[in-house]
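K.L.:
File coords_39.pdb follows (PDB, N, CA and C atoms, pLDDT in the B column):
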MODEL        1
ATOM      1  N   MET M   1     -33.408   9.501 -26.901  1.00 44.00           N
ATOM      2  CA  MET M   1     -33.285   8.187 -27.496  1.00 44.00           C
ATOM      3  C   MET M   1     -33.647   7.130 -26.455  1.00 44.00           C
ATOM      4  N   ALA M   2     -34.386   6.151 -26.855  1.00 49.00           N
ATOM      5  CA  ALA M   2     -34.806   5.085 -25.936  1.00 49.00           C
ATOM      6  C   ALA M   2     -33.602   4.319 -25.427  1.00 49.00           C
ATOM      7  N   GLY M   3     -33.635   3.965 -24.163  1.00 48.00           N
ATOM      8  CA  GLY M   3     -32.557   3.172 -23.580  1.00 48.00           C
ATOM      9  C   GLY M   3     -31.426   3.975 -22.976  1.00 48.00           C
ATOM     10  N   GLU M   4     -31.436   5.308 -23.147  1.00 54.00           N
ATOM     11  CA  GLU M   4     -30.360   6.117 -22.601  1.00 54.00           C
ATOM     12  C   GLU M   4     -30.327   6.070 -21.082  1.00 54.00           C
ATOM     13  N   ASN M   5     -31.468   5.860 -20.450  1.00 61.00           N
ATOM     14  CA  ASN M   5     -31.524   5.820 -18.996  1.00 61.00           C
ATOM     15  C   ASN M   5     -31.343   4.412 -18.445  1.00 61.00           C
ATOM     16  N   LYS M   6     -31.043   3.462 -19.307  1.00 72.00           N
ATOM     17  CA  LYS M   6     -30.850   2.081 -18.888  1.00 72.00           C
ATOM     18  C   LYS M   6     -29.661   1.998 -17.928  1.00 72.00           C
ATOM     19  N   ARG M   7     -29.850   1.276 -16.847  1.00 81.00           N
ATOM     20  CA  ARG M   7     -28.792   1.114 -15.856  1.00 81.00           C
ATOM     21  C   ARG M   7     -27.799   0.050 -16.305  1.00 81.00           C
ATOM     22  N   VAL M   8     -26.542   0.251 -15.943  1.00 80.00           N
ATOM     23  CA  VAL M   8     -25.472  -0.668 -16.307  1.00 80.00           C
ATOM     24  C   VAL M   8     -25.174  -1.565 -15.117  1.00 80.00           C
ATOM     25  N   ARG M   9     -25.273  -2.866 -15.328  1.00 88.00           N
ATOM     26  CA  ARG M   9     -24.982  -3.817 -14.253  1.00 88.00           C
ATOM     27  C   ARG M   9     -23.468  -3.877 -14.044  1.00 88.00           C
ATOM     28  N   ASN M  10     -23.050  -3.816 -12.774  1.00 96.00           N
ATOM     29  CA  ASN M  10     -21.631  -3.947 -12.454  1.00 96.00           C
ATOM     30  C   ASN M  10     -21.485  -4.508 -11.042  1.00 96.00           C
ATOM     31  N   ASN M  11     -20.252  -4.821 -10.694  1.00 98.00           N
ATOM     32  CA  ASN M  11     -19.962  -5.428  -9.391  1.00 98.00           C
ATOM     33  C   ASN M  11     -19.130  -4.515  -8.495  1.00 98.00           C
ATOM     34  N   VAL M  12     -19.182  -3.221  -8.741  1.00 98.00           N
ATOM     35  CA  VAL M  12     -18.353  -2.282  -7.980  1.00 98.00           C
ATOM     36  C   VAL M  12     -18.691  -2.334  -6.493  1.00 98.00           C
ATOM     37  N   ARG M  13     -19.953  -2.241  -6.140  1.00 98.00           N
ATOM     38  CA  ARG M  13     -20.333  -2.243  -4.721  1.00 98.00           C
ATOM     39  C   ARG M  13     -19.895  -3.539  -4.031  1.00 98.00           C
ATOM     40  N   THR M  14     -20.164  -4.667  -4.657  1.00 98.00           N
ATOM     41  CA  THR M  14     -19.804  -5.965  -4.077  1.00 98.00           C
ATOM     42  C   THR M  14     -18.304  -6.059  -3.832  1.00 98.00           C
ATOM     43  N   LEU M  15     -17.508  -5.666  -4.815  1.00 98.00           N
ATOM     44  CA  LEU M  15     -16.051  -5.743  -4.677  1.00 98.00           C
ATOM     45  C   LEU M  15     -15.528  -4.716  -3.675  1.00 98.00           C
ATOM     46  N   ARG M  16     -16.137  -3.530  -3.659  1.00 98.00           N
ATOM     47  CA  ARG M  16     -15.725  -2.503  -2.688  1.00 98.00           C
ATOM     48  C   ARG M  16     -15.960  -2.998  -1.268  1.00 98.00           C
ATOM     49  N   GLU M  17     -17.140  -3.558  -1.039  1.00 98.00           N
ATOM     50  CA  GLU M  17     -17.461  -4.068   0.295  1.00 98.00           C
ATOM     51  C   GLU M  17     -16.584  -5.265   0.653  1.00 98.00           C
ATOM     52  N   HIS M  18     -16.290  -6.124  -0.321  1.00 98.00           N
ATOM     53  CA  HIS M  18     -15.402  -7.270  -0.084  1.00 98.00           C
ATOM     54  C   HIS M  18     -14.013  -6.798   0.353  1.00 98.00           C
ATOM     55  N   ASN M  19     -13.571  -5.672  -0.217  1.00 97.00           N
ATOM     56  CA  ASN M  19     -12.267  -5.098   0.129  1.00 97.00           C
ATOM     57  C   ASN M  19     -12.329  -4.176   1.341  1.00 97.00           C
ATOM     58  N   LEU M  20     -13.498  -4.125   1.987  1.00 98.00           N
ATOM     59  CA  LEU M  20     -13.707  -3.305   3.189  1.00 98.00           C
ATOM     60  C   LEU M  20     -13.366  -1.834   2.956  1.00 98.00           C
ATOM     61  N   LEU M  21     -13.781  -1.325   1.803  1.00 98.00           N
ATOM     62  CA  LEU M  21     -13.536   0.068   1.461  1.00 98.00           C
ATOM     63  C   LEU M  21     -14.835   0.860   1.525  1.00 98.00           C
ATOM     64  N   SER M  22     -14.740   2.086   2.011  1.00 98.00           N
ATOM     65  CA  SER M  22     -15.888   2.987   1.927  1.00 98.00           C
ATOM     66  C   SER M  22     -15.909   3.580   0.515  1.00 98.00           C
ATOM     67  N   LYS M  23     -17.005   4.215   0.166  1.00 98.00           N
ATOM     68  CA  LYS M  23     -17.074   4.883  -1.130  1.00 98.00           C
ATOM     69  C   LYS M  23     -15.989   5.950  -1.235  1.00 98.00           C
ATOM     70  N   ALA M  24     -15.777   6.675  -0.143  1.00 99.00           N
ATOM     71  CA  ALA M  24     -14.765   7.732  -0.141  1.00 99.00           C
ATOM     72  C   ALA M  24     -13.363   7.164  -0.331  1.00 99.00           C
ATOM     73  N   GLU M  25     -13.086   6.027   0.308  1.00 99.00           N
ATOM     74  CA  GLU M  25     -11.764   5.406   0.163  1.00 99.00           C
ATOM     75  C   GLU M  25     -11.536   4.922  -1.268  1.00 99.00           C
ATOM     76  N   LEU M  26     -12.538   4.284  -1.846  1.00 99.00           N
ATOM     77  CA  LEU M  26     -12.400   3.830  -3.229  1.00 99.00           C
ATOM     78  C   LEU M  26     -12.250   5.023  -4.164  1.00 99.00           C
ATOM     79  N   ALA M  27     -13.016   6.058  -3.928  1.00 99.00           N
ATOM     80  CA  ALA M  27     -12.927   7.261  -4.756  1.00 99.00           C
ATOM     81  C   ALA M  27     -11.523   7.855  -4.706  1.00 99.00           C
ATOM     82  N   ARG M  28     -10.957   7.934  -3.506  1.00 99.00           N
ATOM     83  CA  ARG M  28      -9.604   8.481  -3.356  1.00 99.00           C
ATOM     84  C   ARG M  28      -8.594   7.629  -4.112  1.00 99.00           C
ATOM     85  N   LYS M  29      -8.686   6.306  -3.954  1.00 99.00           N
ATOM     86  CA  LYS M  29      -7.761   5.400  -4.641  1.00 99.00           C
ATOM     87  C   LYS M  29      -7.899   5.492  -6.159  1.00 99.00           C
ATOM     88  N   ALA M  30      -9.119   5.713  -6.630  1.00 99.00           N
ATOM     89  CA  ALA M  30      -9.377   5.761  -8.068  1.00 99.00           C
ATOM     90  C   ALA M  30      -9.152   7.152  -8.664  1.00 99.00           C
ATOM     91  N   GLY M  31      -9.076   8.159  -7.811  1.00 99.00           N
ATOM     92  CA  GLY M  31      -8.909   9.519  -8.315  1.00 99.00           C
ATOM     93  C   GLY M  31     -10.184  10.095  -8.913  1.00 99.00           C
ATOM     94  N   VAL M  32     -11.314   9.668  -8.353  1.00 99.00           N
ATOM     95  CA  VAL M  32     -12.617  10.188  -8.782  1.00 99.00           C
ATOM     96  C   VAL M  32     -13.370  10.641  -7.534  1.00 99.00           C
ATOM     97  N   SER M  33     -14.530  11.233  -7.717  1.00 99.00           N
ATOM     98  CA  SER M  33     -15.302  11.683  -6.558  1.00 99.00           C
ATOM     99  C   SER M  33     -16.124  10.542  -5.966  1.00 99.00           C
ATOM    100  N   ALA M  34     -16.479  10.690  -4.694  1.00 98.00           N
ATOM    101  CA  ALA M  34     -17.350   9.703  -4.047  1.00 98.00           C
ATOM    102  C   ALA M  34     -18.714   9.685  -4.732  1.00 98.00           C
ATOM    103  N   LEU M  35     -19.142  10.827  -5.248  1.00 99.00           N
ATOM    104  CA  LEU M  35     -20.406  10.892  -5.982  1.00 99.00           C
ATOM    105  C   LEU M  35     -20.334  10.036  -7.252  1.00 99.00           C
ATOM    106  N   THR M  36     -19.187  10.046  -7.907  1.00 98.00           N
ATOM    107  CA  THR M  36     -19.007   9.200  -9.092  1.00 98.00           C
ATOM    108  C   THR M  36     -19.124   7.735  -8.716  1.00 98.00           C
ATOM    109  N   ILE M  37     -18.490   7.334  -7.616  1.00 99.00           N
ATOM    110  CA  ILE M  37     -18.585   5.940  -7.163  1.00 99.00           C
ATOM    111  C   ILE M  37     -20.039   5.596  -6.881  1.00 99.00           C
ATOM    112  N   ASP M  38     -20.743   6.477  -6.201  1.00 98.00           N
ATOM    113  CA  ASP M  38     -22.151   6.243  -5.893  1.00 98.00           C
ATOM    114  C   ASP M  38     -22.970   6.063  -7.171  1.00 98.00           C
ATOM    115  N   ARG M  39     -22.756   6.917  -8.126  1.00 98.00           N
ATOM    116  CA  ARG M  39     -23.501   6.832  -9.389  1.00 98.00           C
ATOM    117  C   ARG M  39     -23.185   5.538 -10.134  1.00 98.00           C
ATOM    118  N   VAL M  40     -21.905   5.173 -10.190  1.00 98.00           N
ATOM    119  CA  VAL M  40     -21.506   3.942 -10.882  1.00 98.00           C
ATOM    120  C   VAL M  40     -22.117   2.730 -10.188  1.00 98.00           C
ATOM    121  N   GLU M  41     -22.056   2.703  -8.856  1.00 97.00           N
ATOM    122  CA  GLU M  41     -22.643   1.584  -8.114  1.00 97.00           C
ATOM    123  C   GLU M  41     -24.145   1.457  -8.362  1.00 97.00           C
ATOM    124  N   ASN M  42     -24.783   2.573  -8.634  1.00 96.00           N
ATOM    125  CA  ASN M  42     -26.221   2.566  -8.893  1.00 96.00           C
ATOM    126  C   ASN M  42     -26.553   2.378 -10.367  1.00 96.00           C
ATOM    127  N   GLY M  43     -25.538   2.062 -11.171  1.00 95.00           N
ATOM    128  CA  GLY M  43     -25.772   1.697 -12.560  1.00 95.00           C
ATOM    129  C   GLY M  43     -25.710   2.803 -13.583  1.00 95.00           C
ATOM    130  N   ALA M  44     -25.243   3.981 -13.184  1.00 96.00           N
ATOM    131  CA  ALA M  44     -25.122   5.064 -14.157  1.00 96.00           C
ATOM    132  C   ALA M  44     -23.958   4.781 -15.105  1.00 96.00           C
ATOM    133  N   HIS M  45     -24.087   5.271 -16.315  1.00 94.00           N
ATOM    134  CA  HIS M  45     -23.005   5.128 -17.285  1.00 94.00           C
ATOM    135  C   HIS M  45     -21.833   6.007 -16.859  1.00 94.00           C
ATOM    136  N   CYS M  46     -20.625   5.594 -17.215  1.00 95.00           N
ATOM    137  CA  CYS M  46     -19.448   6.421 -16.956  1.00 95.00           C
ATOM    138  C   CYS M  46     -18.457   6.217 -18.094  1.00 95.00           C
ATOM    139  N   ARG M  47     -17.479   7.094 -18.144  1.00 97.00           N
ATOM    140  CA  ARG M  47     -16.467   7.021 -19.190  1.00 97.00           C
ATOM    141  C   ARG M  47     -15.603   5.779 -19.007  1.00 97.00           C
ATOM    142  N   LEU M  48     -15.040   5.315 -20.106  1.00 96.00           N
ATOM    143  CA  LEU M  48     -14.170   4.150 -20.081  1.00 96.00           C
ATOM    144  C   LEU M  48     -12.963   4.393 -19.173  1.00 96.00           C
ATOM    145  N   ASP M  49     -12.433   5.617 -19.180  1.00 98.00           N
ATOM    146  CA  ASP M  49     -11.297   5.940 -18.322  1.00 98.00           C
ATOM    147  C   ASP M  49     -11.675   5.836 -16.846  1.00 98.00           C
ATOM    148  N   THR M  50     -12.890   6.226 -16.502  1.00 98.00           N
ATOM    149  CA  THR M  50     -13.361   6.102 -15.120  1.00 98.00           C
ATOM    150  C   THR M  50     -13.462   4.637 -14.736  1.00 98.00           C
ATOM    151  N   LYS M  51     -13.968   3.811 -15.640  1.00 98.00           N
ATOM    152  CA  LYS M  51     -14.037   2.371 -15.369  1.00 98.00           C
ATOM    153  C   LYS M  51     -12.642   1.809 -15.126  1.00 98.00           C
ATOM    154  N   ARG M  52     -11.678   2.228 -15.957  1.00 98.00           N
ATOM    155  CA  ARG M  52     -10.299   1.753 -15.797  1.00 98.00           C
ATOM    156  C   ARG M  52      -9.756   2.119 -14.418  1.00 98.00           C
ATOM    157  N   LYS M  53      -9.978   3.349 -13.988  1.00 99.00           N
ATOM    158  CA  LYS M  53      -9.500   3.800 -12.682  1.00 99.00           C
ATOM    159  C   LYS M  53     -10.120   2.982 -11.552  1.00 99.00           C
ATOM    160  N   ILE M  54     -11.407   2.705 -11.653  1.00 99.00           N
ATOM    161  CA  ILE M  54     -12.105   1.933 -10.619  1.00 99.00           C
ATOM    162  C   ILE M  54     -11.608   0.493 -10.600  1.00 99.00           C
ATOM    163  N   ILE M  55     -11.436  -0.098 -11.771  1.00 99.00           N
ATOM    164  CA  ILE M  55     -10.924  -1.474 -11.863  1.00 99.00           C
ATOM    165  C   ILE M  55      -9.585  -1.584 -11.144  1.00 99.00           C
ATOM    166  N   LEU M  56      -8.674  -0.686 -11.455  1.00 99.00           N
ATOM    167  CA  LEU M  56      -7.343  -0.725 -10.846  1.00 99.00           C
ATOM    168  C   LEU M  56      -7.396  -0.429  -9.350  1.00 99.00           C
ATOM    169  N   ALA M  57      -8.247   0.505  -8.937  1.00 99.00           N
ATOM    170  CA  ALA M  57      -8.373   0.842  -7.516  1.00 99.00           C
ATOM    171  C   ALA M  57      -8.927  -0.320  -6.706  1.00 99.00           C
ATOM    172  N   LEU M  58      -9.691  -1.194  -7.350  1.00 98.00           N
ATOM    173  CA  LEU M  58     -10.231  -2.377  -6.671  1.00 98.00           C
ATOM    174  C   LEU M  58      -9.225  -3.529  -6.649  1.00 98.00           C
ATOM    175  N   GLY M  59      -8.021  -3.276  -7.147  1.00 98.00           N
ATOM    176  CA  GLY M  59      -6.974  -4.295  -7.119  1.00 98.00           C
ATOM    177  C   GLY M  59      -7.072  -5.314  -8.236  1.00 98.00           C
ATOM    178  N   LYS M  60      -7.841  -4.989  -9.250  1.00 98.00           N
ATOM    179  CA  LYS M  60      -7.990  -5.883 -10.399  1.00 98.00           C
ATOM    180  C   LYS M  60      -7.084  -5.405 -11.526  1.00 98.00           C
ATOM    181  N   THR M  61      -6.777  -6.311 -12.443  1.00 98.00           N
ATOM    182  CA  THR M  61      -6.024  -5.935 -13.632  1.00 98.00           C
ATOM    183  C   THR M  61      -7.008  -5.641 -14.757  1.00 98.00           C
ATOM    184  N   ILE M  62      -6.506  -5.036 -15.802  1.00 96.00           N
ATOM    185  CA  ILE M  62      -7.359  -4.753 -16.952  1.00 96.00           C
ATOM    186  C   ILE M  62      -7.887  -6.058 -17.543  1.00 96.00           C
ATOM    187  N   ASP M  63      -7.104  -7.122 -17.479  1.00 96.00           N
ATOM    188  CA  ASP M  63      -7.569  -8.428 -17.964  1.00 96.00           C
ATOM    189  C   ASP M  63      -8.740  -8.960 -17.141  1.00 96.00           C
ATOM    190  N   GLU M  64      -8.873  -8.489 -15.900  1.00 97.00           N
ATOM    191  CA  GLU M  64      -9.964  -8.917 -15.016  1.00 97.00           C
ATOM    192  C   GLU M  64     -11.147  -7.945 -15.052  1.00 97.00           C
ATOM    193  N   ARG M  65     -11.174  -7.069 -16.032  1.00 97.00           N
ATOM    194  CA  ARG M  65     -12.181  -5.998 -16.114  1.00 97.00           C
ATOM    195  C   ARG M  65     -13.616  -6.498 -16.059  1.00 97.00           C
ATOM    196  N   THR M  66     -13.873  -7.683 -16.629  1.00 96.00           N
ATOM    197  CA  THR M  66     -15.261  -8.165 -16.652  1.00 96.00           C
ATOM    198  C   THR M  66     -15.736  -8.632 -15.282  1.00 96.00           C
ATOM    199  N   GLU M  67     -14.809  -8.838 -14.341  1.00 97.00           N
ATOM    200  CA  GLU M  67     -15.216  -9.152 -12.967  1.00 97.00           C
ATOM    201  C   GLU M  67     -15.863  -7.932 -12.318  1.00 97.00           C
ATOM    202  N   VAL M  68     -15.470  -6.755 -12.771  1.00 97.00           N
ATOM    203  CA  VAL M  68     -16.005  -5.506 -12.232  1.00 97.00           C
ATOM    204  C   VAL M  68     -17.141  -4.983 -13.116  1.00 97.00           C
ATOM    205  N   PHE M  69     -16.887  -4.938 -14.405  1.00 96.00           N
ATOM    206  CA  PHE M  69     -17.848  -4.418 -15.382  1.00 96.00           C
ATOM    207  C   PHE M  69     -18.099  -5.468 -16.461  1.00 96.00           C
ATOM    208  N   PRO M  70     -19.096  -6.324 -16.274  1.00 94.00           N
ATOM    209  CA  PRO M  70     -19.382  -7.369 -17.267  1.00 94.00           C
ATOM    210  C   PRO M  70     -19.665  -6.823 -18.669  1.00 94.00           C
ATOM    211  N   ASP M  71     -20.052  -5.550 -18.767  1.00 89.00           N
ATOM    212  CA  ASP M  71     -20.332  -4.971 -20.085  1.00 89.00           C
ATOM    213  C   ASP M  71     -19.071  -4.758 -20.910  1.00 89.00           C
ATOM    214  N   LEU M  72     -17.897  -4.961 -20.316  1.00 87.00           N
ATOM    215  CA  LEU M  72     -16.637  -4.802 -21.038  1.00 87.00           C
ATOM    216  C   LEU M  72     -16.151  -6.125 -21.624  1.00 87.00           C
ATOM    217  N   GLU M  73     -17.036  -7.080 -21.750  1.00 83.00           N
ATOM    218  CA  GLU M  73     -16.724  -8.385 -22.338  1.00 83.00           C
ATOM    219  C   GLU M  73     -16.070  -8.195 -23.698  1.00 83.00           C
ATOM    220  N   ASP M  74     -15.004  -8.930 -23.951  1.00 63.00           N
ATOM    221  CA  ASP M  74     -14.277  -8.881 -25.227  1.00 63.00           C
ATOM    222  C   ASP M  74     -13.712  -7.497 -25.518  1.00 63.00           C
ATOM    223  N   GLY M  75     -13.522  -6.677 -24.471  1.00 53.00           N
ATOM    224  CA  GLY M  75     -12.933  -5.363 -24.655  1.00 53.00           C
ATOM    225  C   GLY M  75     -13.850  -4.341 -25.295  1.00 53.00           C
ATOM    226  N   ARG M  76     -15.107  -4.687 -25.460  1.00 51.00           N
ATOM    227  CA  ARG M  76     -16.057  -3.766 -26.086  1.00 51.00           C
ATOM    228  C   ARG M  76     -17.003  -3.205 -25.046  1.00 51.00           C
ATOM    229  N   LYS M  77     -17.320  -1.931 -25.197  1.00 49.00           N
ATOM    230  CA  LYS M  77     -18.320  -1.308 -24.332  1.00 49.00           C
ATOM    231  C   LYS M  77     -19.687  -1.637 -24.895  1.00 49.00           C
ATOM    232  N   ARG M  78     -20.587  -2.144 -24.058  1.00 46.00           N
ATOM    233  CA  ARG M  78     -21.932  -2.490 -24.532  1.00 46.00           C
ATOM    234  C   ARG M  78     -22.957  -1.619 -23.888  1.00 46.00           C
TER     235      ARG M  78
ENDMDL
END
In structure tokens, how does this file's structure come out?
P.N.:
Amino acid sequence: MAGENKRVRNNVRTLREHNLLSKAELARKAGVSALTIDRVENGAHCRLDTKRKIILALGKTIDERTEVFPDLEDGRKR
């Protein structure tokens, strides 16, 4: 299907670097692999639960989700 390889814009790398975290440190805090963090930072799609874990690991609340993943605007996955 067309568009399946479309990259997802997010602010994970920017926020991780702002918090002085390595990919491995963020992965540990989020309970995911460093490879997952790398893929997400490079715009790969991920599960909503993975996004939630990353949001919280970056010290954000669920209400602040669009600061990390703008595609979660209005609580909808786009």
K.L.:
Here's the selection I'm unsure about, the PyMOL selection byres ((chain M and resi 6-21) around 6); applied to the file above, which residues does it give, as a list of chain:residue names?
P.N.:
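Going through the file, the PyMOL selection byres ((chain M and resi 6-21) around 6) ends up selecting M:Gly3, M:Glu4, M:Asn5, M:Ser22, M:Lys23, M:Glu25, M:Leu26, M:Glu41, M:Asn42, M:Gly43, M:Ala44, M:His45, M:Glu67, M:Val68, M:Phe69, M:Pro70.
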K.L.:
For atom N of M:Lys29 and atom N of M:Glu73, quote the distance in Å rounded to one decimal.
P.N.:
23.8 Å
K.L.:
Among chain M, which ones does DSSP assign to helix (DSSP H, G or I) (computed from the backbone)? Answer as a ChimeraX atom specification.
P.N.:
/M:12-18,23-30,34-41,48-57,62-68,70-75
